[in-house]
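S.K.: Starting off with a structure, shown below.
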Amino acid sequence: MQHTQELPPRFLTPQELFERWTGIIRVTTLANWRSRGCGPMFKKFGGKVAYPIEKVVEWEQHNLVGGTGQYRPD
């Protein structure tokens with residue numbers, strides 16, 4: 001029987017998330033969102049912020065809108 005080990009989830013730094021979103025949301029905005037409790041979920045490792053990629057994708061999907069009337073600022 002072969003045992004397969006699960007890889008740890010992929011994390012993005014705030015800078016990598018900024019790059020993923022092509023600079024639309026600044027790193028300082030991400031910091032503001034964290035302090036306000038909005039934006040994608042994150043973890044802290046020894047004071048460093050990391051965003052689990054699956055939570056980023058989940059947040060992106062949740063915040064898709066079909067028009068300006070559906071916009072929900074978080």
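Residue names in the structure tokens use chain letters A, B, ... in the order shown, residue numbers from 1 in each chain, and ligand numbers from 1 in the order shown.
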Considering only strand (DSSP E or B) as DSSP defines it on the backbone, what residues of chain A qualify? List them as a list in words.
M.R.: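 Taking chain A and keeping strand (DSSP E or B) only, one gets Phe11, Leu12, Lys43, Lys44, Phe45, Lys48, Val49, Ala50, Tyr51 and Pro52 of chain A.
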S.K.: Per DSSP on the backbone, filter chain A down to the residues in helix (DSSP H, G or I) and report them as a PyMOL selection string.
M.R.: chain A and resi 14-20+27-36+53-62+68-70
S.K.: What gap, in Å, lies between atom CA of A:Pro52 and atom CA of A:Leu12?
M.R.: 6.4 Å
S.K.: When you look at A:Ile53 with a cut-off of 7 Å (counting only C-alpha atoms), what residues show up, excluding the ones that are within fewer than 4 positions of it in the same chain? I need them as a list in words.
M.R.: Arg10, Phe11, Leu12 and Val57 of chain A
S.K.: A:Phe18, A:Gly23, A:Gly39, A:Thr13: which is nearest A:His62, counting only C-alpha atoms?
M.R.: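 Once distances to A:His62 are computed over only C-alpha atoms, the minimum belongs to A:Gly39.
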